[in-house]
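Colleague: Input file: data_16.cif. Contents: mmCIF, C-alpha atoms.
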```cif
data_query
loop_
_atom_site.label_atom_id
_atom_site.label_comp_id
_atom_site.auth_asym_id
_atom_site.auth_seq_id
_atom_site.Cartn_x
_atom_site.Cartn_y
_atom_site.Cartn_z
CA MET Y 1 79.05 71.04 117.99
CA PHE Y 2 76.55 73.57 116.60
CA ASP Y 3 73.89 72.48 119.12
CA LEU Y 4 70.99 74.92 119.38
CA THR Y 5 69.02 73.07 122.02
CA GLY Y 6 67.06 75.57 124.10
CA LYS Y 7 67.52 78.40 121.59
CA THR Y 8 64.68 80.13 119.75
CA ALA Y 9 64.74 81.44 116.19
CA LEU Y 10 62.61 83.46 113.80
CA VAL Y 11 63.04 82.82 110.07
CA THR Y 12 61.33 85.12 107.56
CA GLY Y 13 60.48 83.90 104.09
CA ALA Y 14 60.28 80.41 105.55
CA ALA Y 15 57.89 79.21 102.85
CA GLY Y 16 60.55 79.49 100.14
CA GLY Y 17 63.31 77.06 99.22
CA ILE Y 18 66.17 78.73 101.10
CA GLY Y 19 64.03 79.87 104.03
CA ALA Y 20 62.52 76.43 104.54
CA SER Y 21 65.95 74.84 104.44
CA ILE Y 22 67.30 77.28 107.02
CA ALA Y 23 64.31 76.64 109.27
CA LYS Y 24 64.71 72.87 108.96
CA THR Y 25 68.44 73.05 109.70
CA LEU Y 26 68.04 75.22 112.81
CA HIS Y 27 65.17 73.04 114.00
CA GLY Y 28 67.22 69.91 113.40
CA ALA Y 29 69.95 71.35 115.62
CA GLY Y 30 67.48 71.68 118.48
CA ALA Y 31 66.08 75.21 118.14
CA THR Y 32 62.44 76.15 118.50
CA VAL Y 33 61.62 77.94 115.25
CA ALA Y 34 59.01 80.55 114.33
CA LEU Y 35 58.17 80.36 110.64
CA SER Y 36 57.13 83.63 109.02
CA GLY Y 37 55.95 84.65 105.57
CA ARG Y 38 52.86 85.40 103.53
CA GLN Y 39 52.01 81.90 102.29
CA VAL Y 40 50.33 80.58 105.41
CA ASP Y 41 49.38 77.25 103.85
CA LYS Y 42 53.02 76.48 103.08
CA LEU Y 43 54.13 77.64 106.52
CA ASN Y 44 51.55 75.39 108.17
CA ALA Y 45 52.68 72.45 106.04
CA LEU Y 46 56.29 73.05 107.06
CA ALA Y 47 55.32 73.34 110.72
CA THR Y 48 53.45 70.05 110.45
CA GLU Y 49 56.48 68.43 108.83
CA LEU Y 50 58.78 69.68 111.59
CA GLY Y 51 56.40 68.73 114.38
CA SER Y 52 57.13 70.01 117.86
CA ARG Y 53 59.18 73.19 118.37
CA ALA Y 54 57.75 74.85 115.23
CA VAL Y 55 55.24 77.69 115.24
CA VAL Y 56 53.76 79.85 112.48
CA VAL Y 57 53.80 83.66 112.70
CA PRO Y 58 52.50 85.10 109.39
CA CYS Y 59 53.67 88.52 108.21
CA ASP Y 60 53.59 90.55 105.01
CA LEU Y 61 56.88 92.45 104.98
CA ALA Y 62 55.41 95.01 102.59
CA ASP Y 63 53.07 96.08 105.41
CA ARG Y 64 55.07 98.24 107.82
CA ALA Y 65 52.46 97.86 110.57
CA GLN Y 66 52.74 94.08 110.41
CA VAL Y 67 56.54 94.26 110.40
CA GLY Y 68 56.43 96.44 113.50
CA LYS Y 69 54.56 93.74 115.41
CA LEU Y 70 56.37 90.64 114.12
CA ILE Y 71 59.18 90.36 116.67
CA GLU Y 72 56.88 90.65 119.69
CA GLU Y 73 54.41 88.21 118.13
CA ALA Y 74 57.24 85.76 117.48
CA ILE Y 75 58.55 86.14 121.02
CA LYS Y 76 55.09 85.37 122.40
CA ALA Y 77 54.74 82.31 120.14
CA LEU Y 78 58.24 81.11 121.06
CA GLY Y 79 57.55 81.21 124.77
CA GLY Y 80 58.94 84.58 125.78
CA ARG Y 81 62.35 85.05 124.16
CA LEU Y 82 64.16 85.37 120.83
CA ASP Y 83 67.77 84.27 120.39
CA ILE Y 84 68.22 84.07 116.61
CA LEU Y 85 66.80 86.19 113.78
CA VAL Y 86 67.22 85.16 110.15
CA ASN Y 87 66.07 87.83 107.68
CA ASN Y 88 65.67 85.68 104.61
CA ALA Y 89 62.57 87.02 102.86
CA GLY Y 90 63.24 88.93 99.66
CA LEU Y 91 61.47 90.39 96.66
CA THR Y 92 62.46 91.07 93.05
CA ARG Y 93 60.86 93.58 90.70
CA ASP Y 94 63.39 93.55 87.87
CA ASN Y 95 63.67 96.21 85.20
CA LEU Y 96 66.35 98.23 83.46
CA PHE Y 97 67.33 101.53 85.08
CA MET Y 98 65.94 103.68 82.28
CA VAL Y 99 62.45 102.22 82.53
CA MET Y 100 62.29 101.15 86.19
CA LYS Y 101 59.18 102.57 87.83
CA ASP Y 102 59.34 104.33 91.19
CA GLU Y 103 57.00 101.70 92.62
CA GLN Y 104 59.39 98.91 91.61
CA TRP Y 105 62.23 100.63 93.42
CA ASP Y 106 60.17 101.48 96.49
CA GLU Y 107 58.65 98.03 96.91
CA VAL Y 108 61.97 96.18 96.72
CA ILE Y 109 63.71 98.57 99.10
CA ALA Y 110 60.78 98.38 101.53
CA VAL Y 111 60.67 94.59 101.68
CA ASN Y 112 64.37 93.75 101.33
CA LEU Y 113 66.02 96.56 103.29
CA THR Y 114 63.58 98.59 105.38
CA SER Y 115 61.83 95.57 106.87
CA THR Y 116 65.23 94.01 107.62
CA PHE Y 117 66.24 97.18 109.47
CA MET Y 118 63.01 97.20 111.47
CA LEU Y 119 63.29 93.55 112.44
CA CYS Y 120 66.97 93.90 113.36
CA ARG Y 121 66.14 96.89 115.55
CA ALA Y 122 63.34 95.12 117.39
CA ALA Y 123 65.25 91.84 117.67
CA THR Y 124 68.33 93.59 119.08
CA ARG Y 125 66.23 95.18 121.80
CA ALA Y 126 64.73 91.79 122.65
CA MET Y 127 68.13 90.07 122.72
CA LEU Y 128 69.51 92.73 125.04
CA ARG Y 129 66.55 92.17 127.37
CA ASN Y 130 67.48 88.49 127.53
CA LYS Y 131 70.76 89.43 129.26
CA SER Y 132 72.14 86.08 128.14
CA GLY Y 133 75.30 87.28 126.40
CA TYR Y 134 74.11 85.51 123.27
CA GLY Y 135 72.22 86.72 120.21
CA ARG Y 136 72.49 85.98 116.51
CA ILE Y 137 71.27 88.10 113.60
CA ILE Y 138 71.75 86.60 110.15
CA ASN Y 139 70.74 88.59 107.08
CA ILE Y 140 70.49 86.86 103.71
CA SER Y 141 72.06 89.12 101.12
CA SER Y 142 73.00 88.05 97.57
CA VAL Y 143 75.85 87.83 95.11
CA SER Y 144 73.91 90.51 93.20
CA GLY Y 145 74.63 92.90 96.04
CA ILE Y 146 78.36 92.32 95.51
CA PHE Y 147 78.58 92.22 91.70
CA GLY Y 148 75.50 94.12 90.63
CA ASN Y 149 73.29 92.63 87.94
CA PRO Y 150 71.69 94.18 84.83
CA GLY Y 151 68.00 94.78 85.41
CA GLN Y 152 68.38 94.50 89.19
CA GLY Y 153 69.46 97.97 90.28
CA ASN Y 154 66.80 97.97 93.00
CA TYR Y 155 67.51 94.43 94.21
CA ALA Y 156 71.30 94.85 94.14
CA ALA Y 157 71.01 98.14 96.04
CA SER Y 158 68.86 96.52 98.71
CA LYS Y 159 71.26 93.61 99.16
CA ALA Y 160 74.37 95.80 99.16
CA GLY Y 161 72.68 98.10 101.66
CA MET Y 162 71.98 95.10 103.85
CA VAL Y 163 75.72 94.35 104.04
CA GLY Y 164 76.62 97.87 105.17
CA MET Y 165 73.75 97.99 107.63
CA THR Y 166 74.76 94.66 109.14
CA LYS Y 167 78.34 95.82 109.65
CA SER Y 168 77.11 98.93 111.46
CA LEU Y 169 74.85 96.89 113.71
CA ALA Y 170 77.65 94.43 114.43
CA ARG Y 171 79.88 97.23 115.72
CA GLU Y 172 77.14 98.49 118.01
CA VAL Y 173 76.27 95.22 119.77
CA ALA Y 174 79.43 93.09 119.66
CA ASN Y 175 80.31 93.84 123.26
CA ARG Y 176 76.95 92.42 124.37
CA GLY Y 177 77.55 88.99 122.86
CA ILE Y 178 75.27 89.62 119.88
CA THR Y 179 76.66 88.96 116.41
CA ALA Y 180 75.32 90.27 113.10
CA ASN Y 181 76.42 88.67 109.85
CA CYS Y 182 75.27 88.23 106.25
CA ILE Y 183 75.14 85.22 103.99
CA ALA Y 184 75.41 86.06 100.29
CA PRO Y 185 74.13 83.11 98.23
CA GLY Y 186 75.04 82.71 94.60
CA PHE Y 187 72.81 80.71 92.28
CA ILE Y 188 70.90 78.25 94.43
CA LYS Y 189 68.56 75.57 93.09
CA THR Y 190 65.11 76.77 94.14
CA PRO Y 191 61.72 77.26 92.44
CA MET Y 192 63.00 80.75 91.49
CA THR Y 193 65.89 79.32 89.44
CA ASP Y 194 63.86 76.39 88.15
CA VAL Y 195 62.07 78.77 85.77
CA LEU Y 196 65.31 79.37 83.83
CA ASN Y 197 65.53 77.51 80.55
CA GLU Y 198 68.28 75.02 79.72
CA LYS Y 199 70.40 77.53 77.79
CA GLN Y 200 70.25 80.08 80.61
CA THR Y 201 71.18 77.43 83.15
CA GLU Y 202 74.15 76.30 81.05
CA GLU Y 203 75.45 79.87 80.62
CA ILE Y 204 75.18 80.59 84.35
CA THR Y 205 76.86 77.31 85.27
CA LYS Y 206 79.85 78.22 83.09
CA MET Y 207 80.43 81.29 85.28
CA ILE Y 208 80.60 79.20 88.47
CA PRO Y 209 83.98 77.55 89.20
CA ALA Y 210 82.20 74.71 91.02
CA GLN Y 211 80.23 74.12 87.78
CA ARG Y 212 76.93 73.64 89.56
CA TYR Y 213 74.16 75.47 91.36
CA GLY Y 214 74.21 75.43 95.15
CA MET Y 215 71.59 73.61 97.17
CA PRO Y 216 69.33 75.23 99.77
CA GLU Y 217 70.78 72.90 102.40
CA GLU Y 218 74.19 74.53 101.88
CA ILE Y 219 72.72 77.90 102.85
CA GLY Y 220 71.05 76.22 105.82
CA ALA Y 221 74.41 74.85 106.94
CA ALA Y 222 75.98 78.31 106.71
CA ALA Y 223 73.15 79.77 108.80
CA LEU Y 224 73.55 77.03 111.40
CA TYR Y 225 77.24 77.83 111.77
CA LEU Y 226 76.63 81.57 112.18
CA ALA Y 227 73.85 80.87 114.68
CA SER Y 228 76.03 78.60 116.79
CA VAL Y 229 77.82 79.40 120.03
CA GLU Y 230 81.03 78.40 118.24
CA ALA Y 231 80.66 81.36 115.84
CA GLY Y 232 80.61 83.91 118.66
CA TYR Y 233 83.84 85.60 117.50
CA ILE Y 234 82.57 86.19 113.96
CA THR Y 235 80.58 89.37 113.42
CA GLY Y 236 80.14 92.02 110.74
CA GLN Y 237 81.09 89.49 108.07
CA THR Y 238 79.54 88.33 104.82
CA LEU Y 239 79.79 84.59 104.19
CA HIS Y 240 79.80 84.05 100.42
CA VAL Y 241 78.21 80.76 99.41
CA ASN Y 242 78.46 80.76 95.63
CA GLY Y 243 80.72 77.98 94.38
CA GLY Y 244 83.55 80.44 93.78
CA MET Y 245 81.55 82.78 91.57
CA ALA Y 246 82.53 85.78 93.68
CA MET Y 247 85.82 85.52 95.54
CA VAL Y 248 85.92 88.60 97.80
#
```
Translate this file's structure into structure tokens.

Modeller:
Amino acid sequence: MFDLTGKTALVTGAAGGIGASIAKTLHGAGATVALSGRQVDKLNALATELGSRAVVVPCDLADRAQVGKLIEEAIKALGGRLDILVNNAGLTRDNLFMVMKDEQWDEVIAVNLTSTFMLCRAATRAMLRNKSGYGRIINISSVSGIFGNPGQGNYAASKAGMVGMTKSLAREVANRGITANCIAPGFIKTPMTDVLNEKQTEEITKMIPAQRYGMPEEIGAAALYLASVEAGYITGQTLHVNGGMAMV
């Protein structure tokens, strides 16, 4: 069950905690994985750790020209096909609405939403060319895109937009065997959350029915399920992985 032997995958933001975990999980299930991101040293280290069936395809998602080439570069590195796309990379530029700068809004929307759209578009074309009746697009949203969050109007908008966009894509390609789904993580233990102080961590934990942060491996497991052949009848959905923080 959940065997990805012979499948190929591209994971963006693979240098981060969640992205690396997703890449490791898909690779462990048998997929050949292209690791993408800006931190090439970390990507190379992860590729070395994974060994065979792992390739590095760097990309700065803030650079539209680079984004436009990423899918074809990944396909070439993966041996000629792409079966699974995981849009995991994300950016925060937090500020309150009244003082948020235009650049903060534009940068977050560009990286989190526009690049996701461009990669989904190119990946869908590639999956249709495969004529295999199988394709998986998994977009990593956020609980912030469901609840909203003070100081994150730009980030929440990008993640909420991702959900609506994914539903639209799912309706367009479902009859070709391609699924498009989101995963909306809650608070996950990563270097990003490690910067919170003890009081902040305690207050956040109180809001989570499970009374703990999630682990990156739990997001990896969710991605593996959605990437699997067994999940072929699930599309246009958002899988909430948040310990009960948002029950929707």

Colleague: Quick one: apply the PyMOL selection byres ((chain Y and resi 244) around 7) to the file and drop the selected residues here as a PDB file with C-alpha atoms, keeping the file's coordinate frame.

Modeller:
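That gives us expr22.pdb:
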```pdb
ATOM      1  CA  ILE Y 208      80.600  79.200  88.470  1.00  0.00           C
ATOM      2  CA  PRO Y 209      83.980  77.550  89.200  1.00  0.00           C
ATOM      3  CA  ALA Y 210      82.200  74.710  91.020  1.00  0.00           C
ATOM      4  CA  ASN Y 242      78.460  80.760  95.630  1.00  0.00           C
ATOM      5  CA  GLY Y 243      80.720  77.980  94.380  1.00  0.00           C
ATOM      6  CA  MET Y 245      81.550  82.780  91.570  1.00  0.00           C
ATOM      7  CA  ALA Y 246      82.530  85.780  93.680  1.00  0.00           C
ATOM      8  CA  MET Y 247      85.820  85.520  95.540  1.00  0.00           C
TER       9      MET Y 247
END
```

Colleague: For Trp105 in chain Y, which of Y:Asp63, Y:Leu91, Y:Glu217, Y:Val173 is the closest residue, counting all atoms listed in the file?

Modeller: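 Ranked by minimum distance to Trp105 in chain Y, first place goes to Y:Leu91.
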
Colleague: With the PyMOL selection byres ((chain Y and resi 145) around 7) as the selection, what would be picked from this file? Answer as a list in words, please.

Modeller: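 Matching residues under the PyMOL selection byres ((chain Y and resi 145) around 7) are Ser141, Ser142, Val143, Ser144, Ile146, Phe147, Gly148, Ala156, Ala157, Lys159 and Ala160 of chain Y.
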
Colleague: So which residues get picked by the PyMOL selection byres ((chain Y and resi 76) around 12) here, written as a PyMOL selection string?

Modeller: chain Y and resi 8+10+34+55-57+69-75+77-82+126

Colleague: Check which residues of range 21-96 of chain Y sit at most 12 Å from range 184-207 of chain Y using all atoms listed in the file, and return one row each with the closest pair of atoms and their distance in Å to one decimal, ordered by chain and rising number, as CSV.

Modeller:
```
residue,atom,partner,partner_atom,distance
Y:Ser21,CA,Y:Thr190,CA,10.5
Y:Asn88,CA,Y:Ala184,CA,10.7
Y:Gly90,CA,Y:Met192,CA,11.6
Y:Leu91,CA,Y:Met192,CA,11.0
Y:Thr92,CA,Y:Met192,CA,10.5
```

Colleague: For the residues in that selection, give me C-alpha atoms as an mmCIF file, keeping the file's coordinate frame.

Modeller:
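As a result, out-v1.cif now contains:
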```
data_model
loop_
_atom_site.group_PDB
_atom_site.id
_atom_site.type_symbol
_atom_site.label_atom_id
_atom_site.label_comp_id
_atom_site.auth_asym_id
_atom_site.auth_seq_id
_atom_site.Cartn_x
_atom_site.Cartn_y
_atom_site.Cartn_z
ATOM 1 C CA SER Y 21 65.950 74.840 104.440
ATOM 2 C CA ASN Y 88 65.670 85.680 104.610
ATOM 3 C CA GLY Y 90 63.240 88.930 99.660
ATOM 4 C CA LEU Y 91 61.470 90.390 96.660
ATOM 5 C CA THR Y 92 62.460 91.070 93.050
#
```

Colleague: Measuring atom to atom with all atoms listed in the file, identify which of Y:Leu85, Y:Met162, Y:Met98, Y:Leu26 is nearest to Pro150 in chain Y.

Modeller: Y:Met98

Colleague: Determine the nearest neighbour of Val40 in chain Y from the options Y:Ala231, Y:Cys59, Y:Ile18, Y:Ala54, counting all atoms listed in the file.

Modeller: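 Checking each of Y:Ala231, Y:Cys59, Y:Ile18, Y:Ala54 against Val40 in chain Y, counting all atoms listed in the file, the winner is Y:Cys59.
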
Colleague: Using only C-alpha atoms, which of Y:Gly153, Y:Gly133, Y:Gly68, Y:Gly177 sits nearest Asp106 in chain Y?

Modeller: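 For Asp106 in chain Y, the nearest of the candidates is Y:Gly153.
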
Colleague: List the residues sitting within 12 Å of (64.1, 94.3, 84.7) in the file's frame, using all atoms listed in the file, as a short mmCIF file (atom, residue, chain, number, x, y, z; two decimals) with C-alpha atoms, in the frame of the given file.

Modeller:
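Saved as point.cif:
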```cif
data_model
loop_
_atom_site.label_atom_id
_atom_site.label_comp_id
_atom_site.auth_asym_id
_atom_site.auth_seq_id
_atom_site.Cartn_x
_atom_site.Cartn_y
_atom_site.Cartn_z
CA THR Y 92 62.46 91.07 93.05
CA ARG Y 93 60.86 93.58 90.70
CA ASP Y 94 63.39 93.55 87.87
CA ASN Y 95 63.67 96.21 85.20
CA LEU Y 96 66.35 98.23 83.46
CA PHE Y 97 67.33 101.53 85.08
CA MET Y 98 65.94 103.68 82.28
CA VAL Y 99 62.45 102.22 82.53
CA MET Y 100 62.29 101.15 86.19
CA LYS Y 101 59.18 102.57 87.83
CA GLN Y 104 59.39 98.91 91.61
CA TRP Y 105 62.23 100.63 93.42
CA ASN Y 149 73.29 92.63 87.94
CA PRO Y 150 71.69 94.18 84.83
CA GLY Y 151 68.00 94.78 85.41
CA GLN Y 152 68.38 94.50 89.19
CA GLY Y 153 69.46 97.97 90.28
CA ASN Y 154 66.80 97.97 93.00
CA TYR Y 155 67.51 94.43 94.21
CA ALA Y 156 71.30 94.85 94.14
#
```
